[in-house]
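Trainee: Take a look at the following structure, please.
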Amino acid sequence: MEEAGQSTPPCFEEPAFQARFSIKVRREPKHLALSNTPVKSVNIMPRLVKDHFDTTVKMTTYLVAFIVSDFKSISKITGHGAKISMSTVPDKMSQADYALDAAVKLLDFDEDYFSIPDPLPKQDKSAIPDYRSGAMENWGWPTYQESVLLYNPEKSSASSKLWISSMVIAHELVRQGFGSLVTTERWNDLWLNVGFAKFMEFVSVSITHELRVEDYVLRRCFYAVAVDALNSSQPLSTPVEGPAQILEMFDKVSYEKGSCILNMLRDYLTADVFKAGLVQYLQKYSYNTKNEDLWNSMMNICPTGGTNKNEPQGDGCCRRSQQSSSYAHWTKGETLGVRATMGTWTLQKGFPLLTVTVRGKNVHLQQEYYVTGVDSPSSTGYLWHIPLTSTTSKSDTVQRFLMTTKADVIILPQEVEWVKFRGDMNGMVRYEDDGWDHLINLLKENYTVISSKDRASLVNSVSRS
């Protein structure tokens, strides 16, 4: 656990405090010792064996781990030449095969996606009985509960295949980069480690495995909105003092909301721009970082597409140099200020409720704080920069608009029957006047016009608005 690093050995436990560790373990010959790095030398002693492990790379104290056990292991080599081993109690070794195969695929994907080779020569994984955490991303040797790593083909369900093995393994492997290689400077930004790992579960598993993960992602974001609408919620980036508050940061807001707003940013910037920004971030900010560094990396990557040229500005923002379509009001002078935009999602709690009213060619937008409960606070002072994507009855081309004010008006080139905004990752959407009626009639006539993801978002919004 992140807050338990100071138990062995005594140490300062802050993400910014890092060192190289040399570990020696004495054990009985019948047992197996594992740690973050491979064994460098073995010294046979009277009745005991002393394993001396390679010195680790520079890392935080809570990532250091070792174990002495009677486990057995199986191994494979990835396409990039890294050795991955899976260990567990001897009578459950047959249940480790699927997790090992998944880990090989996922580690190869991560190295290709991020363009960064694993700095450690091996990746061990252990399924541990009665383990306190679901999993822990010890660098080079993530550890797991048996229930979240082992897969029995004769008894485990399809959802177990998705969640128990693929998702959990993907999460911990990504945290080898976000959280180990790139470590947040303070506990305040813990959400960036866990939220990003949660987000990358979807990206990596959807590509490396023939498993449907879209429903899982939607359910995660809908749940995040519901939890963050409670008055007891807190911002993603929150000052932390002491182990108790560190534990409080490992909540659904950090994991689920963190992943959803990153998905929102990826959807708005486009997948290629988002990926390029991540690669730049990981290469530039190894070992110490804060969330502003990620946003700065994103701002240094300018989106491109069509005939529209984009130019980086001196303030680190990307601006479109010319109007890209007849939707001039949407894009003229639009600034993709990632740092300012994402600050409104990480430094204040909650999600926005977007109210949409269509009047002729004008689409009126108004945002307010979406909160539930009898003691709901006033929405005064809450303002989000909302990356919006939408389609209309006249065009299925996705249009993008960054809403940075409490109210705004989008001027369409012609009158439309309906306008549909995405509302799965960036809050709730409520349609006024006959907006809902038009969308309902559309679904009755031909529900395939709207994607299954957007249909689910509409149902979620109408049930909560």
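Please note that chains go A, B, ... in the order of the structure tokens, that every chain numbers its residues from 1, and that ligands are numbered from 1 in the order shown.
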When you look at segment 44-61 of chain A with a cut-off of 6 Å (counting only C-alpha atoms), what residues show up, excluding the ones that are within fewer than 4 positions of it in the same chain? I need them as a count of residues only.
Mentor: 18
Trainee: Could you pull out all residues of segment 78-310 of chain A with a DSSP call of helix (DSSP H, G or I) and give them as a PyMOL selection string?
Mentor: chain A and resi 90-95+97-114+146-148+158-174+187-208+214-228+243-249+252-269+271-284+291-299
Trainee: Using only C-alpha atoms, determine which residues lie at most 6 Å from segment 196-204 of chain A, disregarding the query and same-chain residues fewer than 3 positions distant; provide the list as a ChimeraX atom specification.
Mentor: /A:167,170-171,174-175,192-193,207,259
Trainee: State, in Å with one decimal place, the distance from atom CA of Ile67 of chain A to atom CA of Gln95 of chain A.
Mentor: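 It comes out at 20.7 Å.
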Trainee: Leaving out segment 446-455 of chain A and any residue of its chain fewer than 4 positions from it, which residues lie within 12 Å of it when counting only C-alpha atoms, given as an NGL selection string?
Mentor: :A and (213-219 or 221-222 or 389-393 or 395-396 or 419-425 or 429 or 439-442 or 459-462)
Trainee: Could you pull the residues within 9 Å of Thr208 of chain A, counting only C-alpha atoms, minus those fewer than 5 positions along the same chain, as an mmCIF file with all heavy atoms, in the first residue's frame?
Mentor:
data_model
loop_
_atom_site.group_PDB
_atom_site.id
_atom_site.type_symbol
_atom_site.label_atom_id
_atom_site.label_comp_id
_atom_site.auth_asym_id
_atom_site.auth_seq_id
_atom_site.Cartn_x
_atom_site.Cartn_y
_atom_site.Cartn_z
ATOM 1 N N ALA A 102 -2.161 -12.575 -20.884
ATOM 2 C CA ALA A 102 -2.663 -11.198 -20.935
ATOM 3 C C ALA A 102 -1.551 -10.210 -20.633
ATOM 4 O O ALA A 102 -1.436 -9.160 -21.285
ATOM 5 C CB ALA A 102 -3.815 -11.024 -19.946
ATOM 6 N N LYS A 105 0.774 -9.619 -23.701
ATOM 7 C CA LYS A 105 0.158 -8.746 -24.709
ATOM 8 C C LYS A 105 0.128 -7.296 -24.244
ATOM 9 O O LYS A 105 0.435 -6.370 -25.002
ATOM 10 C CB LYS A 105 -1.267 -9.214 -25.002
ATOM 11 C CG LYS A 105 -1.385 -10.530 -25.731
ATOM 12 C CD LYS A 105 -2.852 -10.866 -25.964
ATOM 13 C CE LYS A 105 -3.023 -12.211 -26.661
ATOM 14 N NZ LYS A 105 -4.459 -12.536 -26.859
ATOM 15 N N LEU A 106 -0.245 -7.095 -22.994
ATOM 16 C CA LEU A 106 -0.426 -5.734 -22.489
ATOM 17 C C LEU A 106 0.901 -5.001 -22.323
ATOM 18 O O LEU A 106 0.987 -3.799 -22.603
ATOM 19 C CB LEU A 106 -1.180 -5.778 -21.159
ATOM 20 C CG LEU A 106 -2.649 -6.186 -21.273
ATOM 21 C CD1 LEU A 106 -3.217 -6.557 -19.904
ATOM 22 C CD2 LEU A 106 -3.479 -5.074 -21.889
ATOM 23 N N PHE A 109 1.998 -3.925 -25.713
ATOM 24 C CA PHE A 109 1.185 -2.784 -26.145
ATOM 25 C C PHE A 109 1.663 -1.499 -25.479
ATOM 26 O O PHE A 109 1.815 -0.461 -26.149
ATOM 27 C CB PHE A 109 -0.285 -3.020 -25.812
ATOM 28 C CG PHE A 109 -1.136 -1.783 -25.993
ATOM 29 C CD1 PHE A 109 -1.591 -1.420 -27.250
ATOM 30 C CD2 PHE A 109 -1.451 -0.974 -24.906
ATOM 31 C CE1 PHE A 109 -2.352 -0.265 -27.419
ATOM 32 C CE2 PHE A 109 -2.211 0.176 -25.072
ATOM 33 C CZ PHE A 109 -2.670 0.523 -26.334
ATOM 34 N N VAL A 203 -8.239 1.655 -22.996
ATOM 35 C CA VAL A 203 -7.500 1.785 -24.257
ATOM 36 C C VAL A 203 -6.736 0.502 -24.584
ATOM 37 O O VAL A 203 -6.826 -0.021 -25.699
ATOM 38 C CB VAL A 203 -6.525 2.983 -24.187
ATOM 39 C CG1 VAL A 203 -5.681 3.064 -25.454
ATOM 40 C CG2 VAL A 203 -7.289 4.282 -23.977
#
Trainee: Select from segment 23-174 of chain A everything DSSP, run on the backbone, classes as strand (DSSP E), then give the selection as JSON, numbers by chain.
Mentor: {"A": [24, 25, 26, 27, 32, 33, 34, 35, 39, 40, 41, 42, 43, 44, 45, 48, 49, 50, 51, 52, 53, 59, 60, 66, 67, 68, 69, 72, 73, 74, 75, 76, 77, 83, 84, 85, 86, 87, 88, 122, 123, 124, 125, 126, 127, 128, 135, 136, 143, 144, 145]}
Trainee: Would you kindly return, as a list of chain:residue names, each protein, DNA or RNA residue with an atom no farther than 12 Å from any atom of Thr270 of chain A, considering only C-alpha atoms and excluding same-chain residues fewer than 3 positions away?
Mentor: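 In the requested form, the answer reads A:Leu262, A:Asn263, A:Met264, A:Leu265, A:Arg266, A:Asp267, A:Val273, A:Phe274, A:Lys275, A:Ala276, A:Gly277, A:Met298, A:Ile301, A:Cys302, A:Pro303, A:Thr304, A:Gly305, A:Pro387, A:Thr389, A:Val398, A:Arg400.
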Trainee: Which residue, A:Thr404, A:Asn300, A:Asn36, A:Ser75, has the smallest gap to Thr341 of chain A when you use only C-alpha atoms?
Mentor: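 Once distances to Thr341 of chain A are computed over only C-alpha atoms, the minimum belongs to A:Thr404.
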Trainee: How many Å lie between atom CA of Leu402 of chain A and atom CA of Tyr369 of chain A, rounded to one decimal?
Mentor: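 Between atom CA of Leu402 of chain A and atom CA of Tyr369 of chain A the gap is 17.2 Å.
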Trainee: What is the distance, in Å and to one decimal place, between atom CA of Arg359 of chain A and atom CA of Ala456 of chain A?
Mentor: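 Between atom CA of Arg359 of chain A and atom CA of Ala456 of chain A the gap works out to 25.6 Å.
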